[in-house]
Structures are given as structure tokens and as C-alpha cells.
$ cat upload-v9.csv   # CSV, C-alpha atoms
chain,number,residue,atom,x,y,z
A,1,MET,CA,28.4,-7.2,31.0
A,2,LYS,CA,25.8,-4.8,29.6
A,3,HIS,CA,22.9,-7.0,30.4
A,4,TYR,CA,24.0,-7.3,34.0
A,5,ILE,CA,24.0,-3.5,34.3
A,6,ALA,CA,20.5,-3.4,32.6
A,7,ARG,CA,19.2,-6.0,35.0
A,8,ALA,CA,20.6,-4.2,38.1
A,9,THR,CA,19.2,-0.9,36.9
A,10,THR,CA,15.8,-2.3,36.2
A,11,ALA,CA,15.7,-4.1,39.6
A,12,ALA,CA,16.8,-0.9,41.3
A,13,LEU,CA,14.1,1.2,39.5
A,14,LYS,CA,11.4,-1.3,40.5
A,15,ILE,CA,12.5,-1.2,44.2
A,16,LEU,CA,12.5,2.6,44.1
A,17,LYS,CA,9.1,2.7,42.5
A,18,SER,CA,7.7,0.3,45.1
A,19,LEU,CA,9.2,2.4,47.9
A,20,ALA,CA,7.9,5.6,46.4
A,21,THR,CA,4.4,4.1,46.0
A,22,ALA,CA,4.4,2.9,49.7
A,23,MET,CA,5.5,6.4,50.7
A,24,ILE,CA,2.7,8.0,48.7
A,25,GLU,CA,0.1,5.5,50.1
A,26,SER,CA,1.2,6.4,53.6
A,27,LEU,CA,0.5,10.1,52.8
A,28,GLU,CA,-3.2,9.3,52.0
A,29,ILE,CA,-4.0,9.2,55.8
A,30,LEU,CA,-2.5,12.6,56.4
A,31,SER,CA,-4.3,15.9,56.2
A,32,PRO,CA,-3.3,18.4,53.4
A,33,THR,CA,-1.4,20.4,55.9
A,34,GLU,CA,0.5,17.3,57.2
A,35,LYS,CA,1.2,16.3,53.6
A,36,ASN,CA,2.9,19.6,52.9
A,37,GLU,CA,5.2,19.1,55.9
A,38,THR,CA,6.2,15.5,54.9
A,39,MET,CA,9.5,14.4,53.5
A,40,PHE,CA,9.9,15.7,49.9
A,41,GLY,CA,6.3,16.8,49.9
A,42,LEU,CA,5.3,13.8,47.8
A,43,GLU,CA,1.5,14.0,47.0
A,44,ARG,CA,1.4,12.5,43.5
A,45,GLU,CA,2.8,9.5,41.7
A,46,VAL,CA,6.6,9.6,41.5
A,47,ARG,CA,8.0,9.4,38.0
A,48,LEU,CA,11.0,7.3,37.5
A,49,PRO,CA,13.8,8.0,35.0
A,50,MET,CA,13.1,7.0,31.4
A,51,ILE,CA,15.1,4.1,30.1
A,52,ASP,CA,16.1,4.1,26.4
A,53,ILE,CA,15.6,0.9,24.5
A,54,GLU,CA,17.2,0.7,21.1
A,55,LEU,CA,15.7,-0.9,18.0
A,56,LYS,CA,18.7,-1.5,15.8
A,57,ARG,CA,17.6,-2.0,12.2
A,58,PHE,CA,20.1,-4.2,10.3
A,59,ALA,CA,18.2,-5.0,7.0
A,60,TYR,CA,16.2,-2.6,4.9
A,61,HIS,CA,14.8,-5.0,2.3
A,62,PRO,CA,12.1,-4.3,-0.4
A,63,ASP,CA,9.9,-6.9,1.4
A,64,GLY,CA,10.3,-5.6,4.9
A,65,THR,CA,12.7,-4.2,7.6
A,66,LEU,CA,14.4,-6.3,10.2
A,67,GLY,CA,15.9,-5.1,13.4
A,68,VAL,CA,17.0,-6.3,16.9
A,69,ILE,CA,16.2,-5.1,20.4
A,70,GLU,CA,18.6,-6.2,23.1
A,71,PHE,CA,17.3,-5.6,26.6
A,72,TYR,CA,17.8,-7.1,30.0
A,73,GLY,CA,20.2,-9.7,28.5
A,74,GLU,CA,17.7,-10.9,26.0
A,75,ARG,CA,17.4,-10.4,22.2
A,76,PHE,CA,14.1,-9.7,20.4
A,77,TYR,CA,14.0,-9.5,16.6
A,78,THR,CA,11.7,-7.0,14.9
A,79,ILE,CA,9.7,-7.1,11.7
A,80,GLU,CA,8.3,-4.0,10.0
A,81,ARG,CA,7.2,-2.9,6.6
A,82,PRO,CA,9.8,-1.7,4.2
A,83,TRP,CA,10.9,2.0,4.2
A,84,LEU,CA,8.5,3.8,1.8
A,85,ASP,CA,9.0,7.4,2.9
A,86,ASN,CA,6.9,7.1,6.0
A,87,ALA,CA,3.7,6.4,4.0
A,88,ALA,CA,0.9,5.5,6.4
A,89,ASN,CA,0.1,1.7,6.6
A,90,VAL,CA,2.8,0.6,4.2
A,91,SER,CA,6.1,2.0,5.6
A,92,CYS,CA,8.1,1.5,8.7
A,93,ILE,CA,8.4,4.5,10.9
A,94,PRO,CA,11.4,6.9,10.5
A,95,GLU,CA,14.5,6.5,12.6
A,96,GLY,CA,14.3,8.6,15.8
A,97,ASN,CA,13.4,8.8,19.5
A,98,TYR,CA,9.8,7.9,20.5
A,99,ASP,CA,8.0,7.9,23.9
A,100,VAL,CA,6.0,4.7,24.5
A,101,ALA,CA,2.9,4.1,26.5
A,102,TRP,CA,0.2,1.5,27.0
A,103,ARG,CA,-2.8,1.6,24.8
A,104,THR,CA,-5.8,-0.7,24.5
A,105,SER,CA,-6.2,-1.8,20.9
A,106,PRO,CA,-9.5,-3.4,19.7
A,107,ARG,CA,-7.5,-6.0,17.8
A,108,PHE,CA,-4.4,-6.6,20.0
A,109,GLY,CA,-5.7,-5.8,23.5
A,110,GLU,CA,-3.4,-4.0,25.9
A,111,THR,CA,-0.2,-3.2,23.9
A,112,TYR,CA,2.5,-0.6,23.6
A,113,HIS,CA,1.8,2.5,21.5
A,114,ILE,CA,4.7,4.4,20.0
A,115,GLN,CA,3.8,8.0,20.3
A,116,ASP,CA,4.3,11.2,18.3
A,117,VAL,CA,5.4,9.5,15.1
A,118,GLN,CA,5.4,12.3,12.5
A,119,ASP,CA,2.4,12.1,10.1
A,120,ARG,CA,1.4,8.7,11.6
A,121,THR,CA,-1.1,7.4,14.2
A,122,TYR,CA,-1.6,4.2,16.2
A,123,ILE,CA,1.8,2.7,15.7
A,124,LEU,CA,1.8,-0.3,18.0
A,125,ILE,CA,4.2,-3.1,19.1
A,126,HIS,CA,2.4,-6.4,18.7
A,127,ALA,CA,2.6,-10.0,17.6
A,128,ALA,CA,3.5,-10.3,13.9
A,129,ASN,CA,5.7,-12.7,12.0
A,130,PHE,CA,5.7,-11.2,8.5
A,131,PRO,CA,5.7,-7.6,7.1
A,132,LYS,CA,2.1,-8.2,5.9
A,133,ASP,CA,1.1,-8.6,9.5
A,134,VAL,CA,1.9,-5.0,10.4
A,135,GLN,CA,0.5,-1.8,8.9
A,136,GLY,CA,3.4,0.5,10.0
A,137,CYS,CA,3.6,-1.1,13.4
A,138,ILE,CA,6.5,-3.2,14.9
A,139,GLY,CA,6.3,-7.0,15.3
A,140,LEU,CA,8.6,-8.9,17.7
A,141,GLY,CA,10.0,-12.4,17.5
A,142,THR,CA,12.6,-14.6,19.2
A,143,GLY,CA,14.4,-15.5,16.0
A,144,LEU,CA,14.7,-14.9,12.3
A,145,MET,CA,13.2,-17.2,9.6
A,146,GLY,CA,16.2,-18.2,7.5
A,147,ASP,CA,14.8,-17.9,4.0
A,148,ARG,CA,12.3,-15.1,4.5
A,149,VAL,CA,12.1,-11.5,5.8
A,150,ALA,CA,10.2,-12.6,8.9
A,151,VAL,CA,10.6,-13.3,12.6
A,152,SER,CA,9.5,-16.4,14.6
A,153,ASN,CA,7.7,-17.1,17.9
A,154,SER,CA,6.1,-13.7,17.9
A,155,ARG,CA,3.5,-14.2,20.6
A,156,LYS,CA,6.1,-15.6,22.9
A,157,ALA,CA,8.5,-12.7,22.2
A,158,VAL,CA,5.8,-10.1,22.9
A,159,ALA,CA,4.8,-11.7,26.1
A,160,ARG,CA,8.4,-11.9,27.4
A,161,PHE,CA,9.1,-8.3,26.2
A,162,GLU,CA,6.0,-7.0,28.0
A,163,GLU,CA,7.0,-8.9,31.1
A,164,LEU,CA,10.4,-7.3,31.1
A,165,THR,CA,9.2,-3.7,30.4
A,166,ARG,CA,5.8,-3.6,32.1
A,167,ASP,CA,6.9,-1.8,35.3
A,168,ILE,CA,9.3,0.7,33.8
A,169,SER,CA,9.0,3.9,31.8
A,170,TRP,CA,10.9,3.7,28.5
A,171,ARG,CA,11.6,5.4,25.2
A,172,LEU,CA,12.2,3.6,21.9
A,173,ILE,CA,15.3,4.7,20.0
A,174,VAL,CA,15.1,3.5,16.3
A,175,LYS,CA,18.3,3.6,14.4
A,176,ASN,CA,20.2,2.1,11.5
A,177,ALA,CA,22.8,-0.4,12.7
A,178,PRO,CA,23.8,-2.7,9.8
A,179,LEU,CA,26.0,-5.0,12.0
A,180,ALA,CA,23.5,-5.3,14.9
A,181,ALA,CA,22.4,-8.9,14.1
A,182,LEU,CA,26.0,-10.0,14.3
A,183,SER,CA,26.5,-9.0,18.0
A,184,LYS,CA,26.1,-11.5,20.8
A,185,VAL,CA,23.9,-10.8,23.8
$ encode --input "upload-v9.csv" --output "C-alpha cells"
Amino acid sequence: MKHYIARATTAALKILKSLATAMIESLEILSPTEKNETMFGLEREVRLPMIDIELKRFAYHPDGTLGVIEFYGERFYTIERPWLDNAANVSCIPEGNYDVAWRTSPRFGETYHIQDVQDRTYILIHAANFPKDVQGCIGLGTGLMGDRVAVSNSRKAVARFEELTRDISWRLIVKNAPLAALSKV
């Protein structure tokens, strides 16, 4: 039931965004005086409500940290470095709430950037299967590798996740949830 609500909410937000964009574009032909007299006085881009997406960590292992993101009726597994007191390049990020924005990375191209992580910079969400593939960032996969602390099909997962989230504003909520991997989408 949750994923139907998420899909409906996302669809509604996309429709509202396209309507607001069309309305703003129609204002471009008006003079500044006419703009001030238009409905709602919209002159700039309309910001849509922020959606919270939860990363539920279910395994803090000495080799790495595993989690799951359930969004829009789909499940994405996450791989991070182990928790080492937030040390740069070797630790996963602390649990908390983080704004996310697009960033162009020399290595990964256009990717999500997790912003304002205390004492850390350039924390990205990108393709990665093993903890060694990330330096404090978060890798996505479609499944878990049974005998390793790792995720599978990372490029496919990142492409699908970006497809689902590209047109929305969202915030990442990172939390400990030991039973998260047991839930069904």
C-alpha cells in the first residue's frame, strides 16, 4: 500500500511541477507590472515539497555497512564503508537527515551529492558493489551478494534510482533499522 501512495504522490508532484513551469513560462511574455498583477505573483521557479527517502541500515559489519532504500515500490540495497567514527574516506556517514542535490563528478559524471555531512565533503551516491569501491560515499545495488558484504547490479540500480528521483526534490534520512532487510516491498 505504501508504494501506491508514494507513486501517487510522485505523479502528483510531477504534474504540479509541469503546471507551475508552464505558468511561469507564460509569465515571460508579460511586463514586470503585469507579472506583479498575475495570479500568485509567480516570477521564479516554484519549489515543490521535499520528499524524505529513508536509507535503513541493517548491518554494521567490520568490512562494510549494508542498508536498504524502499522507494516508489522498489527496493535498492546500499553498500558503504564500515562505521569508523566518521573518518574521511574510510567511514560511512553518520545517521541523520541530509539534503541531496545533483553534482557533476569527474569520475562518475552527473550524480547525487549528499550535502552538509559534518566534517566530510563530496559524499556521493554512485555505482559501487563493494565497500572498497566507495570512499565514504553510498553505492546502490538491486540485490545482496550472499557470501559477501556487497551489493549486485549496481549500475542498473543507480540508473533506475535516478530515473525515479530525477524530477523531485528529496532529502536522505539515514537511520539504523536492524530488521529492514526482512520487510517486503
$ residues_around --input "upload-v9.csv" --residues "Thr111 in chain A" --least-positions-apart "5" --cutoff "12 Å" --atoms "all atoms listed in the file" --output "short mmCIF file (atom, residue, chain, number, x, y, z; two decimals) with C-alpha atoms, in the frame of the given file"
data_model
loop_
_atom_site.label_atom_id
_atom_site.label_comp_id
_atom_site.auth_asym_id
_atom_site.auth_seq_id
_atom_site.Cartn_x
_atom_site.Cartn_y
_atom_site.Cartn_z
CA VAL A 100 6.00 4.70 24.50
CA ALA A 101 2.90 4.10 26.50
CA TRP A 102 0.20 1.50 27.00
CA ARG A 103 -2.80 1.60 24.80
CA THR A 104 -5.80 -0.70 24.50
CA SER A 105 -6.20 -1.80 20.90
CA PRO A 106 -9.50 -3.40 19.70
CA TYR A 122 -1.60 4.20 16.20
CA ILE A 123 1.80 2.70 15.70
CA LEU A 124 1.80 -0.30 18.00
CA ILE A 125 4.20 -3.10 19.10
CA HIS A 126 2.40 -6.40 18.70
CA ALA A 127 2.60 -10.00 17.60
CA CYS A 137 3.60 -1.10 13.40
CA ILE A 138 6.50 -3.20 14.90
CA GLY A 139 6.30 -7.00 15.30
CA VAL A 158 5.80 -10.10 22.90
CA ALA A 159 4.80 -11.70 26.10
CA PHE A 161 9.10 -8.30 26.20
CA GLU A 162 6.00 -7.00 28.00
CA GLU A 163 7.00 -8.90 31.10
CA THR A 165 9.20 -3.70 30.40
CA ARG A 166 5.80 -3.60 32.10
#
$ closest_residue --input "upload-v9.csv" --among "A:Ala88, A:Ile69, A:Val117, A:Ala177" --to "Gly141 in chain A" --atoms "only C-alpha atoms"
A:Ile69
$ atom_distance --input "upload-v9.csv" --atom1 "CA of Lys14 in chain A" --atom2 "CA of Ile168 in chain A"
7.3 Å
$ residues_around --input "upload-v9.csv" --residues "range 146-152 of chain A" --least-positions-apart "4" --cutoff "10 Å" --atoms "only C-alpha atoms" --output "PyMOL selection string"
chain A and resi 59-67+76-81+127-133+139-142+156-157
$ closest_residue --input "upload-v9.csv" --among "A:Lys175, A:Arg155, A:Arg75, A:Arg160" --to "Tyr98 in chain A" --atoms "only C-alpha atoms"
A:Lys175
$ atom_distance --input "upload-v9.csv" --atom1 "CA of Thr121 in chain A" --atom2 "CA of Ile93 in chain A"
10.5 Å
$ closest_residue --input "upload-v9.csv" --among "A:Asp52, A:Phe71, A:Gly136, A:Gln115" --to "Asp85 in chain A" --atoms "all atoms listed in the file"
A:Gly136
$ closest_residue --input "upload-v9.csv" --among "A:Val90, A:Glu54, A:Val68, A:Asn97" --to "Leu182 in chain A" --atoms "only C-alpha atoms"
A:Val68
$ atom_distance --input "upload-v9.csv" --atom1 "CA of Leu164 in chain A" --atom2 "CA of Glu110 in chain A"
15.1 Å
$ closest_residue --input "upload-v9.csv" --among "A:Met50, A:Ser91, A:Glu74, A:Ile114" --to "Val134 in chain A" --atoms "all atoms listed in the file"
A:Ser91
$ closest_residue --input "upload-v9.csv" --among "A:Asp99, A:Ala181, A:Phe108, A:Asp167" --to "Leu144 in chain A" --atoms "all atoms listed in the file"
A:Ala181
